[in-house]
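Participant: Below is the file structure.txt, with compact mmCIF, C-alpha atoms.
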# COMPACT_ATOMS: atom_id res chain seq x y z
CA MET B 4 62.61 -30.74 34.27
CA ASN B 5 60.80 -27.46 33.64
CA LYS B 6 63.00 -24.62 32.51
CA PRO B 7 62.92 -21.42 34.60
CA CYS B 8 61.45 -18.17 33.28
CA VAL B 9 63.93 -15.34 32.82
CA PHE B 10 63.04 -11.73 32.04
CA LEU B 11 65.70 -9.71 30.20
CA LEU B 12 64.93 -6.03 30.79
CA PRO B 13 66.32 -3.54 28.24
CA GLY B 14 67.59 -0.05 28.93
CA LEU B 15 66.52 3.36 27.69
CA THR B 16 65.67 3.40 23.94
CA CYS B 17 66.59 -0.30 23.78
CA ASP B 18 64.49 -3.31 22.79
CA ALA B 19 64.98 -7.05 22.33
CA ALA B 20 67.88 -6.45 19.93
CA VAL B 21 70.13 -5.45 22.82
CA TRP B 22 69.62 -8.96 24.25
CA GLU B 23 69.70 -11.04 21.07
CA PRO B 24 73.04 -12.79 21.80
CA GLN B 25 71.92 -13.53 25.36
CA ARG B 26 68.49 -14.74 24.27
CA LEU B 27 70.12 -17.32 22.05
CA ALA B 28 72.61 -18.36 24.74
CA LEU B 29 69.95 -18.77 27.44
CA GLN B 30 67.31 -20.53 25.32
CA PRO B 31 68.57 -24.05 26.12
CA TYR B 32 68.30 -23.32 29.84
CA ALA B 33 65.34 -20.99 30.28
CA HIS B 34 62.13 -19.58 28.87
CA VAL B 35 63.32 -16.10 27.91
CA ARG B 36 60.98 -13.10 27.89
CA ILE B 37 62.04 -9.61 26.80
CA PRO B 38 59.39 -6.98 27.60
CA LEU B 39 59.24 -3.70 25.72
CA LEU B 40 59.46 -0.96 28.34
CA ARG B 41 57.81 1.79 26.29
CA GLY B 42 54.86 4.03 27.07
CA PHE B 43 55.49 4.29 30.82
CA THR B 44 56.47 7.45 32.69
CA SER B 45 57.83 5.75 35.82
CA LEU B 46 60.12 2.83 36.60
CA ARG B 47 57.52 1.44 38.99
CA LYS B 48 54.90 1.34 36.22
CA MET B 49 57.36 -0.53 34.00
CA ALA B 50 57.90 -3.09 36.76
CA GLU B 51 54.17 -3.46 37.32
CA ALA B 52 53.68 -4.12 33.60
CA VAL B 53 56.30 -6.88 33.72
CA LEU B 54 54.53 -8.50 36.66
CA VAL B 55 51.26 -8.73 34.71
CA ASP B 56 52.79 -11.49 32.58
CA ALA B 57 55.10 -13.01 35.18
CA PRO B 58 54.66 -16.56 36.46
CA GLU B 59 54.67 -17.42 40.15
CA ARG B 60 58.48 -17.79 40.12
CA PHE B 61 60.88 -16.09 37.75
CA SER B 62 64.40 -14.68 37.39
CA VAL B 63 65.48 -11.23 36.25
CA VAL B 64 68.36 -9.66 34.33
CA GLY B 65 68.32 -5.88 33.89
CA HIS B 66 70.62 -3.67 31.82
CA SER B 67 71.00 0.08 32.46
CA MET B 68 67.48 1.50 32.95
CA GLY B 69 66.30 -2.11 32.92
CA GLY B 70 68.47 -2.71 35.98
CA ARG B 71 66.57 0.00 37.82
CA VAL B 72 63.31 -1.63 36.75
CA ALA B 73 64.70 -4.91 38.08
CA PHE B 74 65.23 -3.33 41.50
CA GLU B 75 61.61 -2.10 41.41
CA LEU B 76 60.53 -5.67 40.65
CA MET B 77 62.55 -6.92 43.60
CA GLU B 78 60.85 -4.37 45.85
CA LEU B 79 57.39 -5.32 44.54
CA ALA B 80 57.74 -9.09 44.27
CA GLY B 81 61.01 -10.16 45.81
CA ASN B 82 59.63 -13.45 47.11
CA SER B 83 58.84 -14.52 43.54
CA ILE B 84 62.34 -13.84 42.18
CA GLU B 85 64.73 -16.80 42.05
CA ARG B 86 67.87 -15.38 40.45
CA PHE B 87 68.79 -11.72 40.08
CA LEU B 88 71.41 -10.00 37.94
CA VAL B 89 71.86 -6.37 36.92
CA MET B 90 74.47 -4.80 34.70
CA ASP B 91 75.78 -1.37 33.75
CA THR B 92 73.25 0.26 36.06
CA GLY B 93 72.80 2.22 39.28
CA VAL B 94 70.41 2.96 42.13
CA HIS B 95 71.15 6.62 42.90
CA GLY B 96 68.55 9.34 42.52
CA VAL B 97 68.61 12.18 40.02
CA ARG B 98 71.94 13.99 40.20
CA SER B 99 72.66 17.67 39.91
CA GLY B 100 72.63 18.74 36.27
CA GLU B 101 71.16 15.46 35.02
CA ALA B 102 67.79 16.97 34.10
CA GLU B 103 69.50 19.64 32.03
CA LEU B 104 71.67 17.11 30.17
CA ARG B 105 68.73 14.84 29.41
CA GLY B 106 66.71 17.88 28.40
CA VAL B 107 69.31 18.85 25.80
CA LEU B 108 69.04 15.42 24.15
CA LEU B 109 65.26 15.43 24.33
CA ALA B 110 65.12 18.88 22.73
CA ALA B 111 67.46 17.66 19.97
CA ALA B 112 65.22 14.65 19.37
CA GLU B 113 62.09 16.80 19.17
CA ARG B 114 63.83 19.20 16.80
CA ASP B 115 65.87 16.86 14.59
CA GLY B 116 64.56 13.35 15.26
CA LEU B 117 66.02 10.41 17.14
CA GLN B 118 69.01 10.21 14.81
CA ALA B 119 70.29 13.20 16.77
CA VAL B 120 70.15 11.11 19.95
CA ALA B 121 71.98 8.24 18.25
CA ASP B 122 74.68 10.57 16.95
CA ALA B 123 75.27 12.15 20.35
CA TRP B 124 74.80 9.11 22.56
CA ILE B 125 76.24 5.98 20.98
CA LYS B 126 79.99 6.53 20.80
CA PRO B 127 80.36 7.86 24.36
CA MET B 128 78.56 4.70 25.54
CA LEU B 129 80.99 2.35 23.78
CA HIS B 130 84.53 1.23 24.53
CA PRO B 131 86.89 3.51 22.55
CA ALA B 132 88.05 0.52 20.49
CA ARG B 133 84.50 0.16 19.11
CA HIS B 134 84.05 3.76 17.94
CA ALA B 135 84.82 2.72 14.37
CA ASP B 136 82.68 -0.43 14.47
CA GLY B 137 80.12 0.48 11.84
CA GLU B 138 78.08 -2.71 12.22
CA LEU B 139 77.69 -2.30 15.99
CA ILE B 140 76.83 1.38 15.66
CA ALA B 141 74.28 0.60 12.95
CA THR B 142 72.63 -2.04 15.19
CA ILE B 143 72.29 0.38 18.09
CA THR B 144 71.15 3.21 15.81
CA ALA B 145 68.39 1.05 14.30
CA MET B 146 67.23 0.14 17.81
CA ILE B 147 67.02 3.79 18.84
CA LEU B 148 65.14 4.71 15.67
CA ARG B 149 62.49 2.07 16.35
CA ASN B 150 61.27 4.35 19.16
CA SER B 151 58.92 7.26 18.65
CA ILE B 152 59.65 10.67 20.12
CA ALA B 153 56.82 9.99 22.58
CA ASP B 154 58.51 6.70 23.63
CA TYR B 155 61.77 8.49 24.24
CA ARG B 156 60.11 11.36 26.10
CA ALA B 157 58.28 8.95 28.42
CA GLN B 158 61.47 7.07 29.28
CA VAL B 159 63.33 10.32 29.97
CA CYS B 160 60.46 11.36 32.25
CA ALA B 161 60.66 8.01 34.03
CA MET B 162 64.37 8.40 34.65
CA LEU B 163 63.95 11.96 35.92
CA ALA B 164 61.08 10.89 38.22
CA ARG B 165 63.06 8.06 39.79
CA GLN B 166 63.72 7.71 43.49
CA ASP B 167 66.96 6.74 45.17
CA GLN B 168 66.77 2.93 45.29
CA THR B 169 69.66 2.50 47.73
CA PRO B 170 67.27 1.64 50.61
CA TYR B 171 66.03 -1.34 48.58
CA LEU B 172 69.43 -3.03 48.56
CA ALA B 173 69.65 -4.09 52.20
CA ARG B 174 66.25 -5.79 51.90
CA ILE B 175 67.34 -8.12 49.07
CA LYS B 176 67.76 -11.70 50.28
CA GLN B 177 68.88 -13.23 46.99
CA LYS B 178 72.43 -13.18 45.74
CA VAL B 179 72.83 -10.21 43.40
CA TRP B 180 75.15 -10.62 40.43
CA LEU B 181 76.57 -7.33 39.15
CA LEU B 182 78.15 -6.98 35.72
CA CYS B 183 79.86 -3.90 34.35
CA GLY B 184 81.99 -3.00 31.35
CA ASP B 185 85.46 -1.96 32.43
CA ALA B 186 85.18 1.22 30.32
CA ASP B 187 81.57 2.07 31.19
CA SER B 188 81.75 5.80 31.84
CA TRP B 189 77.96 6.14 32.25
CA SER B 190 77.56 3.53 35.00
CA PRO B 191 81.16 2.89 36.06
CA VAL B 192 82.61 -0.02 37.98
CA SER B 193 82.87 2.20 41.09
CA GLN B 194 79.10 2.66 41.02
CA HIS B 195 78.62 -1.10 41.21
CA GLN B 196 81.18 -1.38 44.00
CA ASP B 197 79.18 1.23 45.91
CA MET B 198 76.04 -0.91 45.55
CA GLN B 199 77.91 -3.90 46.98
CA GLN B 200 78.35 -2.08 50.27
CA TYR B 201 74.59 -2.36 50.90
CA LEU B 202 73.99 -5.87 49.55
CA HIS B 203 74.11 -8.91 51.84
CA ASN B 204 75.30 -11.26 49.11
CA SER B 205 76.71 -10.12 45.78
CA GLU B 206 79.27 -10.89 43.11
CA LEU B 207 80.78 -8.33 40.74
CA ARG B 208 82.06 -9.40 37.33
CA ILE B 209 83.90 -6.81 35.25
CA ILE B 210 83.62 -7.23 31.46
CA ALA B 211 86.94 -6.46 29.79
CA ASN B 212 87.03 -4.19 26.75
CA ALA B 213 83.40 -3.08 27.10
CA GLY B 214 81.61 0.17 27.72
CA HIS B 215 77.98 0.68 28.70
CA MET B 216 76.59 -1.53 25.92
CA SER B 217 78.36 -4.65 27.13
CA THR B 218 75.68 -7.08 25.94
CA LEU B 219 76.53 -6.18 22.34
CA GLU B 220 80.17 -5.17 22.76
CA GLN B 221 81.29 -8.41 24.42
CA PRO B 222 78.39 -10.82 23.90
CA ASN B 223 80.40 -14.03 24.33
CA THR B 224 81.72 -12.99 27.75
CA VAL B 225 78.28 -11.84 28.90
CA ASN B 226 76.72 -15.05 27.57
CA GLN B 227 79.17 -17.22 29.48
CA ILE B 228 78.40 -15.40 32.73
CA LEU B 229 74.63 -15.60 32.22
CA VAL B 230 74.77 -19.32 31.50
CA GLU B 231 76.82 -19.77 34.69
CA TRP B 232 74.32 -17.61 36.57
CA ILE B 233 71.19 -19.45 35.37
CA ASN B 234 72.77 -22.82 36.25
CA ALA B 235 74.17 -21.75 39.62
As structure tokens, how would this structure be written, given the file I've shared?
Facilitator:
Amino acid sequence: MNKPCVFLLPGLTCDAAVWEPQRLALQPYAHVRIPLLRGFTSLRKMAEAVLVDAPERFSVVGHSMGGRVAFELMELAGNSIERFLVMDTGVHGVRSGEAELRGVLLAAAERDGLQAVADAWIKPMLHPARHADGELIATITAMILRNSIADYRAQVCAMLARQDQTPYLARIKQKVWLLCGDADSWSPVSQHQDMQQYLHNSELRIIANAGHMSTLEQPNTVNQILVEWINA
């Protein structure tokens, strides 16, 4: 039996490292592809780049910004998507004050380098119990530093150019699995519950003791859910 193709879409400043535990867990069940979403100034362009290498049928998992790219993929090529899962994400448009907050971090990066972004961004994204986890913080820091300032700037531009994706939700025919860390303050559980109101068929799984970076904070729990999802 041929294994299905699964795209794992990383979030802002993230790369394949954010999915490494899941890549290993899914390998026995799927051909796993992890695109690098750098160099694009819109979510739609990121989705179009993924489609260039996509087979006729494929499945999608998106984390954070990657979840928004996943919704763009669904809008572009929904009939080709078999299974669909997003986590620690949202569909709302740009909120009041968001451009200013992102601008502060971008200015810090341009002035002091991407270490400034890592220093300001990582701990608030994690469950409080992981704030002293030096190994986890080092992994995320290294991932951020693998970007260039231009990479980071382009992704910030893409996020600030995004449209409200809420209208997409009612058009999705597939079951949508939603995952969220219970302590995700960036994309909270309530945000995922709001999305459920527009989806015809969905399931929300809450990851205990995890913040926004749930793939790395609680990899075993996320792995178990993804294996269940791919075999459903």
Participant: Give as an mmCIF file with C-alpha atoms, keeping the file's coordinate frame the set of residues within 9 Å of the point (76.4, 6.5, 28.9), where distances use the file's coordinates and all atoms listed in the file.
Facilitator:
data_model
loop_
_atom_site.group_PDB
_atom_site.id
_atom_site.type_symbol
_atom_site.label_atom_id
_atom_site.label_comp_id
_atom_site.auth_asym_id
_atom_site.auth_seq_id
_atom_site.Cartn_x
_atom_site.Cartn_y
_atom_site.Cartn_z
ATOM 1 C CA TRP B 124 74.800 9.110 22.560
ATOM 2 C CA ILE B 125 76.240 5.980 20.980
ATOM 3 C CA LYS B 126 79.990 6.530 20.800
ATOM 4 C CA PRO B 127 80.360 7.860 24.360
ATOM 5 C CA MET B 128 78.560 4.700 25.540
ATOM 6 C CA LEU B 129 80.990 2.350 23.780
ATOM 7 C CA ASP B 187 81.570 2.070 31.190
ATOM 8 C CA SER B 188 81.750 5.800 31.840
ATOM 9 C CA TRP B 189 77.960 6.140 32.250
ATOM 10 C CA SER B 190 77.560 3.530 35.000
ATOM 11 C CA GLY B 214 81.610 0.170 27.720
ATOM 12 C CA HIS B 215 77.980 0.680 28.700
ATOM 13 C CA MET B 216 76.590 -1.530 25.920
#
Participant: I'd like the neighbourhood of Arg36 (chain B) as a PyMOL selection string, where a residue qualifies if any of its atoms comes within 7 Å (using only C-alpha atoms), though same-chain residues fewer than 6 positions away should be ignored.
Facilitator: chain B and resi 9-11
Participant: When you look at Val97 (chain B) with a cut-off of 9 Å (counting all atoms listed in the file), what residues show up, excluding the ones that are within fewer than 5 positions of it in the same chain? I need them as a list in words.
Facilitator: Ala102, Met162, Leu163, Ala164, Arg165, Gln166 and Asp167 of chain B
Participant: Go through region 67-119 of chain B residue by residue and, counting all atoms listed in the file, keep those with an atom at most 12 Å from region 151-155 of chain B; for each kept residue give the shortest atom pair and its distance in Å to one decimal, ordered by chain and increasing number, as a tab-separated table.
Facilitator:
residue	atom	partner	partner_atom	distance
B:Arg105	CA	B:Tyr155	CA	10.7
B:Gly106	CA	B:Tyr155	CA	11.4
B:Leu108	CA	B:Tyr155	CA	10.0
B:Leu109	CA	B:Tyr155	CA	7.8
B:Ala110	CA	B:Ile152	CA	10.2
B:Ala111	CA	B:Ile152	CA	10.5
B:Ala112	CA	B:Ile152	CA	6.9
B:Glu113	CA	B:Ile152	CA	6.7
B:Arg114	CA	B:Ile152	CA	10.1
B:Asp115	CA	B:Ile152	CA	10.4
B:Gly116	CA	B:Ile152	CA	7.4
B:Leu117	CA	B:Ile152	CA	7.0
B:Gln118	CA	B:Ile152	CA	10.8
B:Ala119	CA	B:Ile152	CA	11.4
Participant: Just to confirm, what's the straight-line distance from CA of Ser45 (chain B) to CA of Val159 (chain B) in Å (one decimal)?
Facilitator: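 Between these atoms lies a distance of 9.2 Å.
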Participant: Which is closest to Asn226 (chain B) among B:Gln199, B:Lys6, B:Arg133, B:Gln25, if we use all atoms listed in the file?
Facilitator: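 Closest to Asn226 (chain B) of all the choices is B:Gln25.
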Participant: Can you list, as a ChimeraX atom specification, every protein, DNA or RNA residue that comes within 10 Å of region 82-89 of chain B when you count all atoms listed in the file, leaving out same-chain residues fewer than 5 positions away?
Facilitator: /B:7-12,57-74,76-77,175-183,195,205-207,229,232-235
Participant: CA of Pro38 (chain B) to CA of Trp22 (chain B): how many Å, to one decimal?
Facilitator: 10.9 Å
Participant: For the point (67.8, 2.3, 15.7) in the file's frame, write as a ChimeraX atom specification all residues with an atom no more than 10 Å away, counting all atoms listed in the file.
Facilitator: /B:16-18,20,117-118,121,140-150
Participant: Can you work out the spacing between CA of Glu138 (chain B) and CA of Leu15 (chain B) in Å, to one decimal?
Facilitator: 20.2 Å
